[in-house]
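Participant: Take a look at my_file_26.tsv, TSV, C-alpha atoms and all ligand atoms:
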chain	number	residue	atom	x	y	z
A	719	MET	CA	0.00	0.00	0.00
A	720	PHE	CA	1.21	3.51	-0.80
A	721	LYS	CA	2.46	5.20	2.34
A	722	LYS	CA	2.36	8.96	2.39
A	723	PRO	CA	5.88	10.26	3.15
A	724	ARG	CA	6.18	12.02	6.49
A	725	LEU	CA	7.26	15.64	6.26
A	726	THR	CA	9.79	15.65	9.06
A	727	ARG	CA	11.44	18.73	10.49
A	728	ARG	CA	14.58	17.69	8.61
A	729	LYS	CA	12.75	17.58	5.27
A	730	ALA	CA	11.07	20.86	6.04
A	731	ILE	CA	14.44	22.54	6.59
A	732	TYR	CA	15.78	20.94	3.43
A	733	LEU	CA	12.95	22.09	1.26
A	734	GLY	CA	12.73	25.48	2.86
A	735	GLY	CA	16.09	27.03	3.20
A	736	ALA	CA	19.71	26.69	4.16
A	737	ALA	CA	20.26	23.33	2.54
A	738	LEU	CA	18.90	24.43	-0.78
A	739	GLY	CA	20.98	27.59	-0.67
A	740	THR	CA	24.12	25.60	0.04
A	741	THR	CA	23.40	23.23	-2.80
A	742	LEU	CA	22.93	26.06	-5.27
A	743	LEU	CA	26.07	27.78	-4.08
A	744	THR	CA	28.32	24.77	-4.29
A	745	GLY	CA	26.76	23.63	-7.55
A	746	TRP	CA	25.47	20.19	-8.30
A	747	LEU	CA	28.77	18.77	-9.41
A	748	ARG	CA	31.16	20.03	-6.77
A	749	GLN	CA	31.41	18.31	-3.42
A	750	PRO	CA	31.05	20.46	-0.32
A	751	LYS	CA	34.25	21.38	1.50
A	752	SER	CA	32.98	21.37	5.05
A	753	LEU	CA	31.07	19.06	7.36
A	754	LYS	CA	28.43	21.72	7.90
A	755	ALA	CA	27.79	21.84	4.15
A	756	TYR	CA	27.51	18.06	3.88
A	757	ALA	CA	25.05	18.11	6.77
A	758	ALA	CA	23.08	21.08	5.44
A	759	ARG	CA	22.43	19.29	2.14
A	760	LYS	CA	20.34	16.87	4.19
A	761	GLY	CA	18.72	19.50	6.39
A	762	LEU	CA	20.98	18.57	9.30
A	763	LEU	CA	23.20	20.60	11.58
A	764	TYR	CA	26.84	19.73	12.15
A	765	GLY	CA	28.83	21.43	14.87
A	766	ALA	CA	31.19	20.90	17.78
A	767	ALA	CA	31.93	21.83	21.35
A	768	GLY	CA	34.44	24.64	21.67
A	769	ALA	CA	35.96	26.38	24.66
A	770	TYR	CA	36.35	30.11	25.10
A	771	SER	CA	39.98	29.57	26.10
A	772	LYS	CA	40.82	27.88	22.78
A	773	LEU	CA	38.62	29.78	20.34
A	774	SER	CA	39.73	33.14	21.68
A	775	GLU	CA	43.46	32.38	21.78
A	776	ASN	CA	44.00	30.44	18.54
A	777	GLN	CA	42.86	32.27	15.42
A	778	GLU	CA	43.66	29.42	13.09
A	779	PHE	CA	41.49	27.11	15.18
A	780	ALA	CA	38.69	29.68	15.29
A	781	LYS	CA	38.88	29.99	11.49
A	782	ARG	CA	38.64	26.23	11.00
A	783	PHE	CA	35.79	26.06	13.53
A	784	ILE	CA	33.76	28.59	11.56
A	785	GLU	CA	34.52	26.78	8.30
A	786	GLU	CA	33.38	23.38	9.55
A	787	CYS	CA	30.60	24.13	12.02
A	788	ALA	CA	27.06	25.49	11.88
A	789	ILE	CA	26.49	25.14	15.64
A	790	LEU	CA	28.66	25.55	18.73
A	791	THR	CA	28.33	24.14	22.24
A	792	PRO	CA	30.34	25.98	24.89
A	793	GLU	CA	32.34	23.09	26.37
A	794	ASN	CA	32.44	24.37	29.95
A	795	ASP	CA	31.72	28.09	29.87
A	796	LEU	CA	28.00	27.94	30.69
A	797	LYS	CA	28.31	25.37	33.49
A	798	TRP	CA	27.63	26.43	37.09
A	799	LYS	CA	31.28	26.53	38.13
A	800	ALA	CA	32.14	28.87	35.26
A	801	ILE	CA	29.09	31.10	35.17
A	802	HIS	CA	27.96	31.23	38.82
A	803	PRO	CA	31.20	31.53	40.81
A	804	GLN	CA	29.63	32.99	43.98
A	805	PRO	CA	26.09	32.64	45.40
A	806	ASN	CA	25.15	36.16	44.34
A	807	GLN	CA	27.51	36.60	41.46
A	808	TYR	CA	27.37	35.52	37.83
A	809	ASP	CA	30.22	35.76	35.34
A	810	PHE	CA	28.91	35.85	31.78
A	811	SER	CA	32.13	37.11	30.22
A	812	GLN	CA	33.23	33.87	28.53
A	813	GLY	CA	29.74	32.77	27.58
A	814	ASP	CA	29.06	36.21	26.12
A	815	TRP	CA	32.27	36.09	24.12
A	816	LEU	CA	31.16	32.76	22.65
A	817	ALA	CA	27.62	34.00	21.97
A	818	ASN	CA	29.08	37.00	20.19
A	819	PHE	CA	31.51	34.78	18.24
A	820	ALA	CA	28.60	32.56	17.20
A	821	GLN	CA	26.48	35.51	16.10
A	822	ARG	CA	29.28	37.18	14.14
A	823	HIS	CA	29.93	33.99	12.20
A	824	GLN	CA	26.34	32.80	11.76
A	825	LEU	CA	26.70	29.79	14.03
A	826	LYS	CA	23.82	28.59	16.14
A	827	MET	CA	24.63	28.02	19.80
A	828	ARG	CA	23.63	25.26	22.20
A	829	GLY	CA	23.30	25.85	25.91
A	830	HIS	CA	25.14	23.35	28.11
A	831	THR	CA	23.98	22.88	30.81
A	832	LEU	CA	21.48	24.20	33.38
A	833	VAL	CA	21.30	21.26	35.79
A	834	TRP	CA	24.14	18.79	36.37
A	835	HIS	CA	25.60	17.11	39.43
A	836	ALA	CA	29.19	17.83	38.33
A	837	TYR	CA	31.40	20.88	37.85
A	838	MET	CA	29.64	22.78	40.62
A	839	PRO	CA	31.22	25.77	42.36
A	840	ASP	CA	32.67	25.28	45.86
A	841	TRP	CA	30.00	27.47	47.44
A	842	PHE	CA	27.28	25.03	46.37
A	843	LYS	CA	28.08	22.42	49.03
A	844	GLU	CA	28.45	25.01	51.76
A	845	THR	CA	25.40	27.14	50.96
A	846	VAL	CA	22.66	24.99	49.44
A	847	ASP	CA	20.41	22.73	51.51
A	848	ARG	CA	16.93	21.21	51.38
A	849	GLN	CA	15.33	24.52	52.36
A	850	ASN	CA	16.85	26.72	49.67
A	851	ALA	CA	17.50	24.10	46.93
A	852	GLU	CA	14.39	24.94	44.91
A	853	SER	CA	14.87	28.71	45.03
A	854	THR	CA	18.58	28.31	44.15
A	855	LEU	CA	17.76	26.14	41.15
A	856	VAL	CA	14.98	28.43	39.93
A	857	GLU	CA	17.10	31.54	40.36
A	858	HIS	CA	20.05	30.04	38.47
A	859	ILE	CA	17.98	28.83	35.53
A	860	THR	CA	15.97	32.04	35.31
A	861	THR	CA	19.14	34.14	35.34
A	862	VAL	CA	21.24	32.10	32.91
A	863	ALA	CA	18.54	31.10	30.41
A	864	GLY	CA	17.15	34.64	30.68
A	865	HIS	CA	20.56	36.18	30.00
A	866	TYR	CA	20.88	34.21	26.74
A	867	GLN	CA	17.23	34.55	25.77
A	868	GLY	CA	16.82	34.43	21.99
A	869	LEU	CA	20.41	33.30	21.37
A	870	ILE	CA	20.19	29.60	22.09
A	871	HIS	CA	19.08	26.95	19.59
A	872	SER	CA	18.68	24.27	22.26
A	873	TRP	CA	19.48	23.95	25.94
A	874	ASP	CA	20.66	20.79	27.65
A	875	VAL	CA	18.35	21.62	30.52
A	876	VAL	CA	19.14	18.54	32.59
A	877	ASN	CA	22.32	16.54	32.07
A	878	GLU	CA	22.94	12.96	33.24
A	879	ALA	CA	20.03	12.43	35.65
A	880	ILE	CA	20.19	8.64	35.23
A	881	LYS	CA	22.53	6.37	37.18
A	882	VAL	CA	21.05	2.90	37.47
A	883	GLU	CA	23.79	1.77	39.92
A	884	ASP	CA	22.46	4.22	42.51
A	885	GLY	CA	19.64	1.75	43.14
A	886	HIS	CA	16.59	3.96	42.65
A	887	PRO	CA	13.74	1.87	41.15
A	888	LEU	CA	13.44	4.25	38.19
A	889	GLY	CA	17.20	4.47	37.66
A	890	LEU	CA	17.40	8.07	38.81
A	891	ARG	CA	20.74	9.41	39.96
A	892	LYS	CA	20.79	10.21	43.65
A	893	SER	CA	22.32	13.63	43.08
A	894	ALA	CA	22.01	16.51	45.51
A	895	TRP	CA	19.11	17.88	43.44
A	896	PHE	CA	17.31	14.54	43.57
A	897	ASN	CA	17.94	14.05	47.29
A	898	TRP	CA	16.52	17.46	48.11
A	899	LEU	CA	13.69	17.83	45.59
A	900	GLY	CA	12.88	14.32	44.39
A	901	GLU	CA	12.21	13.57	40.73
A	902	ASP	CA	10.24	16.82	40.41
A	903	TYR	CA	13.44	18.83	40.02
A	904	ILE	CA	13.63	17.66	36.41
A	905	ASP	CA	10.17	18.87	35.42
A	906	LEU	CA	10.74	22.09	37.38
A	907	ALA	CA	13.99	22.81	35.51
A	908	PHE	CA	12.29	22.45	32.12
A	909	ARG	CA	9.37	24.67	33.12
A	910	VAL	CA	11.58	27.43	34.47
A	911	ALA	CA	13.86	27.30	31.40
A	912	SER	CA	10.87	27.47	29.12
A	913	GLU	CA	9.56	30.56	30.91
A	914	ALA	CA	12.96	32.24	30.70
A	915	ASP	CA	13.52	31.60	26.98
A	916	PRO	CA	10.25	30.47	25.39
A	917	LYS	CA	11.64	30.14	21.86
A	918	ALA	CA	14.56	27.79	22.55
A	919	MET	CA	14.31	24.00	22.34
A	920	PHE	CA	14.78	22.08	25.57
A	921	PHE	CA	16.70	18.80	25.70
A	922	TYR	CA	17.43	16.07	28.20
A	923	ASN	CA	21.05	14.96	27.65
A	924	ASP	CA	22.77	11.73	28.72
A	925	TYR	CA	25.56	9.22	28.06
A	926	GLY	CA	25.82	5.43	27.90
A	927	LEU	CA	22.96	4.84	25.46
A	928	ASP	CA	24.83	3.44	22.49
A	929	TYR	CA	25.99	-0.14	22.99
A	930	ASP	CA	24.51	-3.61	23.16
A	931	THR	CA	25.49	-4.12	26.79
A	932	GLU	CA	23.36	-4.71	29.86
A	933	TYR	CA	24.63	-1.44	31.28
A	934	ASP	CA	23.54	0.61	28.25
A	935	GLU	CA	20.31	-1.37	27.87
A	936	ASN	CA	19.33	-0.50	31.45
A	937	ARG	CA	20.23	3.12	30.82
A	938	ARG	CA	18.18	3.24	27.59
A	939	ASN	CA	15.16	1.84	29.45
A	940	ALA	CA	15.56	4.30	32.31
A	941	VAL	CA	15.93	7.26	29.94
A	942	LEU	CA	12.93	6.20	27.91
A	943	ASN	CA	10.84	5.84	31.08
A	944	LEU	CA	11.93	9.26	32.24
A	945	LEU	CA	11.02	10.83	28.89
A	946	GLU	CA	7.63	9.11	28.94
A	947	ARG	CA	6.91	10.44	32.44
A	948	LEU	CA	7.94	13.95	31.45
A	949	LYS	CA	5.77	13.92	28.33
A	950	ALA	CA	2.83	12.49	30.30
A	951	ARG	CA	2.88	15.40	32.72
A	952	GLY	CA	3.20	18.01	29.97
A	953	THR	CA	6.80	19.05	30.68
A	954	PRO	CA	8.06	21.43	27.97
A	955	ILE	CA	10.73	19.10	26.59
A	956	HIS	CA	11.57	18.94	22.89
A	957	GLY	CA	14.35	16.46	22.56
A	958	LEU	CA	16.89	13.94	23.74
A	959	GLY	CA	20.64	14.51	23.43
A	960	LEU	CA	22.76	11.39	23.07
A	961	GLN	CA	26.26	12.25	24.17
A	962	ALA	CA	27.78	9.29	22.29
A	963	HIS	CA	31.27	9.17	23.77
A	964	LEU	CA	32.23	6.03	21.86
A	965	LEU	CA	35.12	3.63	22.32
A	966	ALA	CA	36.93	2.41	19.20
A	967	LYS	CA	37.80	-0.91	20.82
A	968	GLU	CA	34.19	-1.66	21.85
A	969	LYS	CA	32.64	-4.23	19.53
A	970	ARG	CA	29.24	-4.66	21.19
A	971	PHE	CA	27.28	-2.45	18.82
A	972	ASN	CA	23.81	-3.47	17.65
A	973	ALA	CA	22.42	-1.13	15.02
A	974	GLU	CA	18.88	-2.50	15.27
A	975	LYS	CA	18.67	-2.02	19.05
A	976	LEU	CA	19.93	1.54	18.77
A	977	ARG	CA	17.51	2.29	15.91
A	978	GLN	CA	14.64	0.88	17.95
A	979	PHE	CA	15.56	3.09	20.89
A	980	LEU	CA	15.62	6.15	18.63
A	981	ARG	CA	12.25	5.16	17.15
A	982	ASP	CA	10.83	4.85	20.67
A	983	VAL	CA	12.13	8.30	21.55
A	984	ALA	CA	10.80	9.77	18.30
A	985	SER	CA	7.39	8.22	18.96
A	986	LEU	CA	7.13	10.52	21.99
A	987	ASP	CA	7.26	13.41	19.56
A	988	LEU	CA	10.81	14.29	20.58
A	989	LYS	CA	13.70	15.41	18.39
A	990	ILE	CA	17.11	13.85	18.83
A	991	MET	CA	20.59	15.34	18.65
A	992	ILE	CA	23.92	13.60	18.90
A	993	THR	CA	25.44	16.15	21.24
A	994	GLU	CA	28.95	15.06	22.26
A	995	LEU	CA	30.21	12.53	19.73
A	996	ASP	CA	33.83	11.39	19.87
A	997	VAL	CA	35.64	8.07	19.48
A	998	SER	CA	38.30	7.28	22.05
A	999	ASP	CA	41.31	5.46	20.57
A	1000	LYS	CA	42.37	4.08	23.95
A	1001	GLY	CA	43.30	0.42	23.52
A	1002	LEU	CA	44.03	0.68	19.79
A	1003	PRO	CA	47.54	0.06	18.41
A	1004	TYR	CA	50.04	2.94	18.35
A	1005	ASP	CA	50.16	2.97	14.52
A	1006	TYR	CA	48.39	6.17	13.37
A	1007	GLN	CA	46.99	4.71	10.17
A	1008	LYS	CA	45.43	1.70	11.88
A	1009	ARG	CA	44.06	3.88	14.63
A	1010	ASP	CA	42.60	6.46	12.29
A	1011	ARG	CA	41.02	3.76	10.17
A	1012	ARG	CA	39.24	2.12	13.12
A	1013	VAL	CA	38.13	5.45	14.59
A	1014	ALA	CA	36.73	6.46	11.18
A	1015	GLU	CA	34.97	3.12	10.84
A	1016	VAL	CA	33.25	3.64	14.20
A	1017	TYR	CA	32.10	7.13	13.24
A	1018	GLU	CA	30.56	5.78	10.05
A	1019	MET	CA	28.96	2.77	11.68
A	1020	TYR	CA	27.38	4.91	14.38
A	1021	LEU	CA	26.29	7.83	12.21
A	1022	SER	CA	24.93	5.75	9.37
A	1023	THR	CA	22.71	4.05	11.98
A	1024	VAL	CA	21.46	7.07	13.89
A	1025	LEU	CA	20.96	9.24	10.81
A	1026	GLU	CA	18.40	6.76	9.53
A	1027	GLU	CA	16.04	8.13	12.19
A	1028	PRO	CA	14.29	11.18	10.67
A	1029	ASN	CA	13.87	12.87	14.07
A	1030	VAL	CA	17.64	13.26	14.39
A	1031	ILE	CA	18.23	16.92	13.59
A	1032	GLY	CA	21.92	17.42	14.26
A	1033	VAL	CA	25.30	16.00	15.17
A	1034	LEU	CA	27.96	17.69	17.28
A	1035	THR	CA	31.37	16.29	18.03
A	1036	TRP	CA	32.83	17.01	21.46
A	1037	GLY	CA	35.63	19.14	20.10
A	1038	LEU	CA	36.79	19.48	16.53
A	1039	SER	CA	40.53	18.88	16.58
A	1040	ASP	CA	42.68	16.29	18.34
A	1041	ARG	CA	44.67	19.22	19.72
A	1042	TYR	CA	41.85	20.13	22.08
A	1043	THR	CA	39.95	17.21	23.54
A	1044	TRP	CA	38.92	16.24	27.08
A	1045	LEU	CA	40.06	12.69	26.24
A	1046	SER	CA	43.76	13.69	26.40
A	1047	LYS	CA	43.33	14.16	30.13
A	1048	HIS	CA	40.37	11.93	30.95
A	1049	ARG	CA	41.05	8.88	28.73
A	1050	PRO	CA	44.77	8.99	27.92
A	1051	ARG	CA	46.31	6.08	26.03
A	1052	ASN	CA	48.45	3.59	27.93
A	1053	ASP	CA	51.40	4.32	25.60
A	1054	ASN	CA	50.92	8.07	26.24
A	1055	ALA	CA	50.75	8.79	22.50
A	1056	PRO	CA	48.54	11.81	21.70
A	1057	VAL	CA	44.93	10.73	21.31
A	1058	ARG	CA	43.20	10.97	17.88
A	1059	PRO	CA	39.41	10.89	18.52
A	1060	LEU	CA	38.11	13.81	16.42
A	1061	PRO	CA	37.59	14.75	12.74
A	1062	LEU	CA	40.59	17.11	12.48
A	1063	ASP	CA	44.18	16.33	13.48
A	1064	ARG	CA	46.31	18.51	15.75
A	1065	GLU	CA	47.18	20.76	12.78
A	1066	PHE	CA	43.47	21.15	11.95
A	1067	LYS	CA	43.68	18.97	8.84
A	1068	PRO	CA	40.84	16.54	8.03
A	1069	LYS	CA	41.44	12.91	8.99
A	1070	LEU	CA	39.70	9.75	7.84
A	1071	ALA	CA	37.12	10.43	10.55
A	1072	TRP	CA	36.22	13.67	8.76
A	1073	GLU	CA	35.60	11.71	5.56
A	1074	SER	CA	33.47	9.17	7.39
A	1075	ILE	CA	31.31	11.87	8.92
A	1076	ALA	CA	30.94	13.58	5.53
A	1077	ARG	CA	30.02	10.28	3.87
A	1078	SER	CA	27.49	9.50	6.59
A	1079	PHE	CA	25.74	12.80	5.89
A	1080	GLU	CA	26.03	12.26	2.15
A	1081	THR	CA	24.31	8.88	2.29
A	1082	VAL	CA	21.32	9.97	4.38
A	1083	ASN	CA	18.08	9.21	2.52
A	1084	LEU	CA	15.61	12.02	2.56
B	1101	LIG	O1	39.39	25.87	34.65
B	1101	LIG	C1	40.46	25.11	35.24
B	1101	LIG	C2	41.72	25.84	35.05
B	1101	LIG	O2	41.64	27.04	35.78
B	1101	LIG	C3	42.86	24.95	35.55
B	1101	LIG	O3	44.06	25.58	35.26
B	1101	LIG	C4	42.84	23.59	34.84
B	1101	LIG	C5	43.89	22.64	35.37
B	1101	LIG	O4	43.67	21.33	34.86
B	1101	LIG	O5	41.61	23.01	35.07
B	1101	LIG	C6	40.55	23.79	34.54
B	1101	LIG	O6	39.34	23.18	34.70
B	1101	LIG	C7	39.11	22.02	33.93
B	1101	LIG	C8	37.99	22.33	32.95
B	1101	LIG	O7	37.60	21.15	32.28
B	1101	LIG	C9	38.35	23.39	31.92
B	1101	LIG	O8	39.40	22.94	31.13
B	1101	LIG	C10	38.72	20.90	34.88
B	1101	LIG	O9	39.84	20.52	35.66
B	1101	LIG	C11	38.20	19.71	34.11
B	1101	LIG	O10	37.66	18.76	35.01
B	1101	LIG	C12	37.09	20.16	33.17
B	1101	LIG	O11	36.67	19.03	32.46
B	1101	LIG	C13	35.50	19.18	31.68
B	1101	LIG	C14	34.42	18.25	32.24
B	1101	LIG	O12	33.32	18.20	31.34
B	1101	LIG	C15	33.89	18.74	33.58
B	1101	LIG	O13	33.25	19.97	33.43
B	1101	LIG	C16	35.87	18.83	30.25
B	1101	LIG	O14	36.71	19.85	29.72
B	1101	LIG	C17	34.61	18.71	29.39
B	1101	LIG	O15	34.96	18.23	28.12
B	1101	LIG	C18	33.65	17.74	30.05
B	1101	LIG	O16	32.50	17.69	29.26
B	1101	LIG	C19	31.51	16.72	29.67
B	1101	LIG	C20	30.14	17.30	29.34
B	1101	LIG	O17	30.00	18.55	29.96
B	1101	LIG	C21	29.03	16.35	29.80
B	1101	LIG	N1	29.22	15.05	29.21
B	1101	LIG	C22	30.53	14.43	29.42
B	1101	LIG	C23	31.62	15.37	28.92
B	1101	LIG	C24	32.98	14.74	29.06
B	1101	LIG	O18	33.29	14.49	30.39
Using structure tokens, write down the structure that the file contains.
Facilitator:
Amino acid sequence: MFKKPRLTRRKAIYLGGAALGTTLLTGWLRQPKSLKAYAARKGLLYGAAGAYSKLSENQEFAKRFIEECAILTPENDLKWKAIHPQPNQYDFSQGDWLANFAQRHQLKMRGHTLVWHAYMPDWFKETVDRQNAESTLVEHITTVAGHYQGLIHSWDVVNEAIKVEDGHPLGLRKSAWFNWLGEDYIDLAFRVASEADPKAMFFYNDYGLDYDTEYDENRRNAVLNLLERLKARGTPIHGLGLQAHLLAKEKRFNAEKLRQFLRDVASLDLKIMITELDVSDKGLPYDYQKRDRRVAEVYEMYLSTVLEEPNVIGVLTWGLSDRYTWLSKHRPRNDNAPVRPLPLDREFKPKLAWESIARSFETVNL
């Protein structure tokens, strides 16, 4: 039977604007030169996380960032520790620099993140308790989301609220917010964000959703349950962010299970973004060529799977160049060789991973 094609947001963007413009500009025969152009041809966004400290000090990096990316996530600059250094003091200087950078170069900007258990300022432990937790949370979200009102494409409103090992029956992380306010803190955060910046999109963002392991399966179930509960109570949530910090040596990948999870999320009328993609080369051989080949293969395997889901609207890597990646410090290789998890090398030249990402966009069926 003839099935009427669904006009997804992605197709709407493609038919309506940027993608068509890009196609006309580059011509039908020439291949695009940037990841953002490959993505735009399919109505998708490509971008990366970038830090104020790197984008403001390295002009060559900033130039390459603008060339490759259509959307920027401040890596740390909007987190509590950076933006709310004292109970009654906010420091928007670095976030504002990034917002201005994004505006000047026509990049969209993501907001990361309004509620997280980590990277909290020292005063938090000393000052916040059960009595003032709600007012502290509301004040922070109102101030920060309000400050960037109209400038943010999508906020990661709540980050990493699931931790099945904590033993809660619904898999909720027993963070300070949860201990003080119960599950309601999640709904509250979305409502306050939505009042402060009504035109942005609001995402729940989490890790450990990608592999065919019991650990990830439990996390997928817990996230899906959480999203269902939020939708059922009318929380203003628009999407799920999959961080997708992948491991090149991990073989337990099951495309069908991941696709099914994305379909389940999409069936709740939620968009999906891949928000923090990178591929750690820890455990791979020293040889650069072998490493780059496997990392590229993992990018393609993952992206070709997730991009089949029409509700996926964008992909961001967590960093753009191997010169600047959290993995150097947080997942260093045993042989201490510089890590190579991102699309550009340390000199900002495209690697095989860049080609894999481009090809994954290129092969998306509209
Ligand atoms: O700002 C200090 C600086 O003053 C000091 O000189 C330096 C010494 O090491 O540390 C700096 O702070 C570091 C900060 O990054 C800025 O570079 C912290 O030690 C370090 O812990 C922090 O790590 C960040 C981490 O989140 C915690 O906020 C990583 O860069 C960042 O990539 C990582 O990002 C997270 C996402 O937000 C959520 N998902 C997981 C992802 C990776 O862990």
Participant: What does the list of residues within 10 Å of ligand LIG 1101 (chain B) look like if you count only C-alpha atoms and all ligand atoms, written as a ChimeraX atom specification?
Facilitator: /A:767-772,791-800,830-831,834,836-838,874,877-878,923-925,960-963,993-996,1036-1037,1042-1049
Participant: Can you spit out the residues from that selection as a compact mmCIF listing (two decimals), in the frame of the given file, using C-alpha atoms?
Facilitator:
# COMPACT_ATOMS: atom_id res chain seq x y z
CA ALA A 767 31.93 21.83 21.35
CA GLY A 768 34.44 24.64 21.67
CA ALA A 769 35.96 26.38 24.66
CA TYR A 770 36.35 30.11 25.10
CA SER A 771 39.98 29.57 26.10
CA LYS A 772 40.82 27.88 22.78
CA THR A 791 28.33 24.14 22.24
CA PRO A 792 30.34 25.98 24.89
CA GLU A 793 32.34 23.09 26.37
CA ASN A 794 32.44 24.37 29.95
CA ASP A 795 31.72 28.09 29.87
CA LEU A 796 28.00 27.94 30.69
CA LYS A 797 28.31 25.37 33.49
CA TRP A 798 27.63 26.43 37.09
CA LYS A 799 31.28 26.53 38.13
CA ALA A 800 32.14 28.87 35.26
CA HIS A 830 25.14 23.35 28.11
CA THR A 831 23.98 22.88 30.81
CA TRP A 834 24.14 18.79 36.37
CA ALA A 836 29.19 17.83 38.33
CA TYR A 837 31.40 20.88 37.85
CA MET A 838 29.64 22.78 40.62
CA ASP A 874 20.66 20.79 27.65
CA ASN A 877 22.32 16.54 32.07
CA GLU A 878 22.94 12.96 33.24
CA ASN A 923 21.05 14.96 27.65
CA ASP A 924 22.77 11.73 28.72
CA TYR A 925 25.56 9.22 28.06
CA LEU A 960 22.76 11.39 23.07
CA GLN A 961 26.26 12.25 24.17
CA ALA A 962 27.78 9.29 22.29
CA HIS A 963 31.27 9.17 23.77
CA THR A 993 25.44 16.15 21.24
CA GLU A 994 28.95 15.06 22.26
CA LEU A 995 30.21 12.53 19.73
CA ASP A 996 33.83 11.39 19.87
CA TRP A 1036 32.83 17.01 21.46
CA GLY A 1037 35.63 19.14 20.10
CA TYR A 1042 41.85 20.13 22.08
CA THR A 1043 39.95 17.21 23.54
CA TRP A 1044 38.92 16.24 27.08
CA LEU A 1045 40.06 12.69 26.24
CA SER A 1046 43.76 13.69 26.40
CA LYS A 1047 43.33 14.16 30.13
CA HIS A 1048 40.37 11.93 30.95
CA ARG A 1049 41.05 8.88 28.73
Participant: Pick out the closest residue to Arg970 (chain A) from this set: A:Ala820, A:Leu1070, A:Val1016, A:Ile859. Count all atoms listed in the file.
Facilitator: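 Closest residue, counting all atoms listed in the file: A:Val1016.
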Participant: With all atoms listed in the file as the atoms that count, which of A:Phe921, A:Tyr1006, A:Tyr756, A:Trp895 lies nearest to Val1082 (chain A)?
Facilitator: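 Result for the nearest residue to Val1082 (chain A): A:Tyr756.
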Participant: Report, in Å with one decimal, the straight-line distance from CA of Ser872 (chain A) to CA of Trp815 (chain A).
Facilitator: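 Distance reported for this atom pair: 18.1 Å.
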Participant: Restricting the calculation to only C-alpha atoms: of A:Ser774, A:Thr1035, A:Thr1023, A:Gln749, which residue gets closest to Asp814 (chain A)?
Facilitator: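 Using only C-alpha atoms, the shortest distance to Asp814 (chain A) belongs to A:Ser774.
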Participant: Using Å and a single decimal, report how far CA of Arg1077 (chain A) sits from CA of Glu1026 (chain A).
Facilitator: 13.4 Å
Participant: List as CSV every residue of region 823-894 of chain A that is in contact with region 781-789 of chain A, defined as an atom at most 9 Å from one of its atoms (using all atoms listed in the file), together with the nearest atom pair and the distance in Å rounded to one decimal, sorted by chain and then rising number.
Facilitator:
residue,atom,partner,partner_atom,distance
A:His823,CA,A:Ile784,CA,6.7
A:Gln824,CA,A:Ala788,CA,7.3
A:Leu825,CA,A:Ala788,CA,4.8
A:Lys826,CA,A:Ile789,CA,4.4
A:Met827,CA,A:Ile789,CA,5.4
A:Arg828,CA,A:Ile789,CA,7.2
A:His871,CA,A:Ile789,CA,8.6
Participant: What is the distance between CA of Val862 (chain A) and CA of Leu906 (chain A), in Å to one decimal?
Facilitator: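 So the two atoms, CA of Val862 (chain A) and CA of Leu906 (chain A), lie 15.2 Å apart.
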Participant: Quick one: what's the axis-aligned box for region 765-769 of chain A, all listed atoms, 6 Å on every side, centre and edges in Å to one decimal, as lines of an AutoDock Vina configuration file?
Facilitator:
center_x = 32.4
center_y = 23.6
center_z = 19.8
size_x = 19.1
size_y = 17.5
size_z = 21.8
Participant: Find the residues around region 940-944 of chain A up to 9 Å (only C-alpha atoms counted), leave out those fewer than 6 positions away in its own chain, and share them as a ChimeraX atom specification.
Facilitator: /A:879-882,888-890,924,927,979,982-983
Participant: Pull C-alpha atoms for region 850-872 of chain A from the block and write them as a PDB file, in the first residue's frame.
Facilitator:
ATOM      1  CA  ASN A 850      16.849  26.716  49.669  1.00  0.00           C
ATOM      2  CA  ALA A 851      17.500  24.103  46.926  1.00  0.00           C
ATOM      3  CA  GLU A 852      14.393  24.943  44.907  1.00  0.00           C
ATOM      4  CA  SER A 853      14.874  28.709  45.032  1.00  0.00           C
ATOM      5  CA  THR A 854      18.583  28.312  44.152  1.00  0.00           C
ATOM      6  CA  LEU A 855      17.762  26.139  41.148  1.00  0.00           C
ATOM      7  CA  VAL A 856      14.976  28.431  39.932  1.00  0.00           C
ATOM      8  CA  GLU A 857      17.104  31.545  40.357  1.00  0.00           C
ATOM      9  CA  HIS A 858      20.053  30.045  38.467  1.00  0.00           C
ATOM     10  CA  ILE A 859      17.984  28.831  35.530  1.00  0.00           C
ATOM     11  CA  THR A 860      15.968  32.044  35.308  1.00  0.00           C
ATOM     12  CA  THR A 861      19.140  34.138  35.339  1.00  0.00           C
ATOM     13  CA  VAL A 862      21.244  32.100  32.910  1.00  0.00           C
ATOM     14  CA  ALA A 863      18.544  31.098  30.408  1.00  0.00           C
ATOM     15  CA  GLY A 864      17.153  34.637  30.681  1.00  0.00           C
ATOM     16  CA  HIS A 865      20.560  36.177  30.001  1.00  0.00           C
ATOM     17  CA  TYR A 866      20.883  34.206  26.741  1.00  0.00           C
ATOM     18  CA  GLN A 867      17.234  34.554  25.770  1.00  0.00           C
ATOM     19  CA  GLY A 868      16.817  34.428  21.989  1.00  0.00           C
ATOM     20  CA  LEU A 869      20.408  33.304  21.373  1.00  0.00           C
ATOM     21  CA  ILE A 870      20.194  29.597  22.094  1.00  0.00           C
ATOM     22  CA  HIS A 871      19.080  26.954  19.595  1.00  0.00           C
ATOM     23  CA  SER A 872      18.678  24.273  22.264  1.00  0.00           C
TER      24      SER A 872
END
